[in-house]
Amino acid sequence: MWGIIPAAGLGTRIQPLGFSKELLPVGSNLVGDVEKPRAVSEYLVDRMLRAGATRICFVVAPGKSDLVQYYGSHARSSDFCYVVQPKPAGLCDAIFRATSLIPAGEPVLVGLPDTIWFPEDGFSKLPDDRLSFLLFPVDRPQHFDAVVTDADDLVQEIQVKHPDAKSNWIWGAFKMPGRLLHDLEALWIERQRRDEYMGTLVNAWIQRGGRAVGVRAGQAYVDTGTVHGYREALNLLGSRKRGEPAEAIRPATVCSASGDSLVKRPGDVPRRTTGRLFGKAEIERRVQELGDWFHNIDLLGVPTAPAHFLGDFPRAKFQSFAHVLPADLHGMTVLDIGCNAGFYSLEMKRRGADRVVGIDMDDYYLDQGRFAAEVLGQDVEFRRMPVYDVAQLGEKFDLVLFMGLVYHLRHPLLALDLVHEHVARDLLLYQSLQRGSADLEPIAPDHDFWETEVFQRPSYPRLHFVEHQYSHDETNWWIPNAACSAAMLRSAGFAVVAHPEEEVFLCKWEPLAPHPSGQRAVYPPRGSWAAGTA
């Protein structure tokens, strides 16, 4: 029996204590009489070994020598091997990297390396002869892959991070015959490798007559990929160690938050960190005085843009990708570039960020943002600054928001280069208005001079230039398609780790290799303004 552990390409995870996420110390092992830290991925390895896996394949990112050094070539009766996923490209891509090793006649176990779940013998409850999912009950299935089954436990649909999930049972691991793994890979290739998530691929497979079963044998499930999740895992393991019964352990849903507005109902008052209390009449008067708002923010029951042409914007937009951001931002700093009236800045502060800085070029919007923060009692620093001057900030941030900005920039790649060089330390959340194809397909690193057909493909990266105006707005310069957004991000040194909706990309900062033509276009080259020397 084979086990596959896709340790790369699954999306961004916060890494407490600076460890590689698969090697986070969670709990401990007794080695002789000595208690030693236990890596989070060891829990999954142990569960695979309990189920009879004799070979386990880790799918790793380039340079994951720490994982190889930690596990070596075998454990107990199982041999280990390692397959490289060149770049993060989703769970399907990671799993199918191992397919060439898997015989058609052997069962295959698949689990996620940054999760801890019980019961320990969960894999053994899954049949060998069909695709079967180990299901766990959770409180917030919209943050996971909810599995809808019929009366006979046959899977009808997997709802991938659906805001109105019809089931509170999510899959945490799965099992199938090797031949089925090959069949799913063939379907994935036929679908031009568009599926990042196993759920969307399985849905297509079911629509073609495939059958899968959901087994409700899971008791508790924790995703350790956030700081909050890491703490929840420690609590879960502590409960098990104390011998508490499974039914006493509350199922955890710790991936993220739902993206609700800052105030859920008129009259609800959020936790204040600063400022004074405002009366409703005063808020209404000041909202009117500050002019037209582009961000609809609920100020203690007073909406700032109730008649927005995009509806409840940007809250409704945010709900489609809120789950990819950490729910708990304590200990983190955030920079919101092009912050407008500060909806996202305020949301990041509500999630506990230690420090939030919002920058924009328009005092009109900055005044709105300062008022909103004052009403809601949130300590957000708003500054007038163009993106080209971010070096003046003189610091790097754990999370940078680059939302609704790139199409307003005459020099978008310069801006992304500057962000990478001067202010981004770990995560970048990017969103842009897009036109043209939403398809993302692999692009060859080079083309022959006589190759012209590739440029006719709608999915080839395209940046549409606006000479005069677009949507009656003279500040619109460039409008990318989805492939162009992804390509520009990669070129600037940001690895795309999640693509939750068509216009949104969550990225992780990566060091840039020296370019053959010399230094990239960053200005100033060494952040000299921040040091006061320019």
# chains A, B, ... in the order shown; residues from 1 in each chain; ligands from 1
>>> residues_around(residues="Ser73 of chain A", least_positions_apart="3", cutoff="12 Å", atoms="only C-alpha atoms", output="MDAnalysis selection string")
chainID A and resid 55:58 67:70 76:82
>>> write_last_selection(atoms="C-alpha atoms", output="PDB file, in the first residue's frame")
ATOM      1  CA  ARG A  55       5.833   3.023   0.790  1.00  0.00           C
ATOM      2  CA  ILE A  56       5.242   6.731   1.378  1.00  0.00           C
ATOM      3  CA  CYS A  57       5.943   9.398  -1.241  1.00  0.00           C
ATOM      4  CA  PHE A  58       6.494  12.993  -0.133  1.00  0.00           C
ATOM      5  CA  LEU A  67      12.116  17.395   5.069  1.00  0.00           C
ATOM      6  CA  VAL A  68      14.429  14.852   3.426  1.00  0.00           C
ATOM      7  CA  GLN A  69      16.971  15.123   6.234  1.00  0.00           C
ATOM      8  CA  TYR A  70      14.280  14.751   8.882  1.00  0.00           C
ATOM      9  CA  ARG A  76       9.544   1.117  10.630  1.00  0.00           C
ATOM     10  CA  SER A  77       8.349  -1.115   7.783  1.00  0.00           C
ATOM     11  CA  SER A  78       7.832   1.665   5.220  1.00  0.00           C
ATOM     12  CA  ASP A  79      10.235   3.064   2.630  1.00  0.00           C
ATOM     13  CA  PHE A  80      10.182   6.791   1.841  1.00  0.00           C
ATOM     14  CA  CYS A  81      10.702   8.504  -1.491  1.00  0.00           C
ATOM     15  CA  TYR A  82      10.535  12.129  -2.606  1.00  0.00           C
TER      16      TYR A  82
END
>>> residues_around(residues="Leu346 of chain A", least_positions_apart="3", cutoff="9 Å", atoms="only C-alpha atoms", output="list in words")
Leu262, Gly342, Phe343, Lys349, Arg350, Arg351, Val356, Gly369, Ala372, Ala373, Leu376, Gln378, Asp379 and Val380 of chain A
>>> residues_around(residues="Val110 of chain A", least_positions_apart="3", cutoff="7 Å", atoms="only C-alpha atoms", output="CSV table (one decimal) with N, CA and C atoms, in the first residue's frame")
chain,number,residue,atom,x,y,z
A,3,GLY,N,1.3,5.6,0.3
A,3,GLY,CA,0.8,6.8,0.9
A,3,GLY,C,1.4,8.0,0.1
A,4,ILE,N,0.6,9.0,-0.1
A,4,ILE,CA,1.1,10.2,-0.8
A,4,ILE,C,0.9,11.4,0.2
A,5,ILE,N,1.9,12.1,0.4
A,5,ILE,CA,1.9,13.3,1.3
A,5,ILE,C,2.3,14.5,0.5
A,173,ALA,N,-9.0,13.2,4.6
A,173,ALA,CA,-8.1,12.3,4.0
A,173,ALA,C,-8.9,11.4,3.0
A,174,PHE,N,-8.2,10.7,2.1
A,174,PHE,CA,-8.9,9.8,1.2
A,174,PHE,C,-8.1,8.7,0.8
A,175,LYS,N,-8.8,7.7,0.2
A,175,LYS,CA,-8.1,6.4,-0.2
A,175,LYS,C,-8.8,5.9,-1.5
>>> select_by_dssp(residues="segment 53-88 of chain A", states="strand (DSSP E)", output="list in words")
Arg55, Ile56, Cys57, Phe58, Val59, Val60, His74, Ala75, Ser78, Asp79, Phe80, Cys81, Tyr82, Val83 and Val84 of chain A
>>> write_last_selection(atoms="N, CA, C and O atoms", output="PDB file, in the first residue's frame")
ATOM      1  N   ARG A  55       5.055   2.013   1.513  1.00  0.00           N
ATOM      2  CA  ARG A  55       5.833   3.023   0.790  1.00  0.00           C
ATOM      3  C   ARG A  55       5.098   4.350   0.897  1.00  0.00           C
ATOM      4  O   ARG A  55       3.877   4.402   0.668  1.00  0.00           O
ATOM      5  N   ILE A  56       5.829   5.401   1.250  1.00  0.00           N
ATOM      6  CA  ILE A  56       5.242   6.731   1.378  1.00  0.00           C
ATOM      7  C   ILE A  56       6.037   7.700   0.512  1.00  0.00           C
ATOM      8  O   ILE A  56       7.261   7.771   0.613  1.00  0.00           O
ATOM      9  N   CYS A  57       5.318   8.427  -0.340  1.00  0.00           N
ATOM     10  CA  CYS A  57       5.943   9.398  -1.241  1.00  0.00           C
ATOM     11  C   CYS A  57       5.623  10.810  -0.761  1.00  0.00           C
ATOM     12  O   CYS A  57       4.448  11.192  -0.664  1.00  0.00           O
ATOM     13  N   PHE A  58       6.647  11.585  -0.448  1.00  0.00           N
ATOM     14  CA  PHE A  58       6.494  12.993  -0.133  1.00  0.00           C
ATOM     15  C   PHE A  58       6.653  13.800  -1.419  1.00  0.00           C
ATOM     16  O   PHE A  58       7.638  13.622  -2.152  1.00  0.00           O
ATOM     17  N   VAL A  59       5.695  14.684  -1.698  1.00  0.00           N
ATOM     18  CA  VAL A  59       5.827  15.613  -2.820  1.00  0.00           C
ATOM     19  C   VAL A  59       6.312  16.928  -2.233  1.00  0.00           C
ATOM     20  O   VAL A  59       5.612  17.555  -1.428  1.00  0.00           O
ATOM     21  N   VAL A  60       7.508  17.350  -2.600  1.00  0.00           N
ATOM     22  CA  VAL A  60       8.158  18.472  -1.927  1.00  0.00           C
ATOM     23  C   VAL A  60       8.496  19.575  -2.916  1.00  0.00           C
ATOM     24  O   VAL A  60       8.597  19.349  -4.125  1.00  0.00           O
ATOM     25  N   HIS A  74      13.421   5.726   5.385  1.00  0.00           N
ATOM     26  CA  HIS A  74      12.421   4.762   5.834  1.00  0.00           C
ATOM     27  C   HIS A  74      12.042   5.022   7.287  1.00  0.00           C
ATOM     28  O   HIS A  74      12.731   5.758   8.010  1.00  0.00           O
ATOM     29  N   ALA A  75      10.950   4.416   7.694  1.00  0.00           N
ATOM     30  CA  ALA A  75      10.522   4.406   9.089  1.00  0.00           C
ATOM     31  C   ALA A  75       9.761   3.118   9.313  1.00  0.00           C
ATOM     32  O   ALA A  75       8.858   2.768   8.560  1.00  0.00           O
ATOM     33  N   SER A  78       8.164   0.913   6.437  1.00  0.00           N
ATOM     34  CA  SER A  78       7.832   1.665   5.220  1.00  0.00           C
ATOM     35  C   SER A  78       9.060   2.362   4.655  1.00  0.00           C
ATOM     36  O   SER A  78       9.873   2.925   5.403  1.00  0.00           O
ATOM     37  N   ASP A  79       9.186   2.325   3.332  1.00  0.00           N
ATOM     38  CA  ASP A  79      10.235   3.064   2.630  1.00  0.00           C
ATOM     39  C   ASP A  79       9.690   4.425   2.203  1.00  0.00           C
ATOM     40  O   ASP A  79       8.526   4.549   1.824  1.00  0.00           O
ATOM     41  N   PHE A  80      10.566   5.439   2.243  1.00  0.00           N
ATOM     42  CA  PHE A  80      10.182   6.791   1.841  1.00  0.00           C
ATOM     43  C   PHE A  80      10.834   7.154   0.521  1.00  0.00           C
ATOM     44  O   PHE A  80      11.971   6.755   0.237  1.00  0.00           O
ATOM     45  N   CYS A  81      10.113   7.927  -0.289  1.00  0.00           N
ATOM     46  CA  CYS A  81      10.702   8.504  -1.491  1.00  0.00           C
ATOM     47  C   CYS A  81      10.190   9.930  -1.622  1.00  0.00           C
ATOM     48  O   CYS A  81       9.226  10.325  -0.945  1.00  0.00           O
ATOM     49  N   TYR A  82      10.840  10.707  -2.501  1.00  0.00           N
ATOM     50  CA  TYR A  82      10.535  12.129  -2.606  1.00  0.00           C
ATOM     51  C   TYR A  82      10.415  12.517  -4.074  1.00  0.00           C
ATOM     52  O   TYR A  82      11.248  12.131  -4.900  1.00  0.00           O
ATOM     53  N   VAL A  83       9.361  13.263  -4.386  1.00  0.00           N
ATOM     54  CA  VAL A  83       9.136  13.771  -5.737  1.00  0.00           C
ATOM     55  C   VAL A  83       9.039  15.287  -5.636  1.00  0.00           C
ATOM     56  O   VAL A  83       8.406  15.814  -4.726  1.00  0.00           O
ATOM     57  N   VAL A  84       9.661  15.996  -6.581  1.00  0.00           N
ATOM     58  CA  VAL A  84       9.710  17.453  -6.532  1.00  0.00           C
ATOM     59  C   VAL A  84       8.571  18.054  -7.348  1.00  0.00           C
ATOM     60  O   VAL A  84       8.339  17.677  -8.492  1.00  0.00           O
TER      61      VAL A  84
END
>>> closest_residue(among="A:Gly291, A:Gly218, A:Pro137, A:Gly199", to="Gln159 of chain A", atoms="only C-alpha atoms")
A:Gly199
>>> residues_around(residues="segment 331-340 of chain A", least_positions_apart="2", cutoff="8 Å", atoms="only C-alpha atoms", output="number ranges by chain")
A: 294-295, 329, 342-345, 348, 353-362, 365-366, 369, 387, 397-405
>>> select_by_dssp(residues="segment 268-417 of chain A", states="alpha helix (DSSP H)", output="PyMOL selection string")
chain A and resi 280-289+315-318+343-350+363-376+412-417
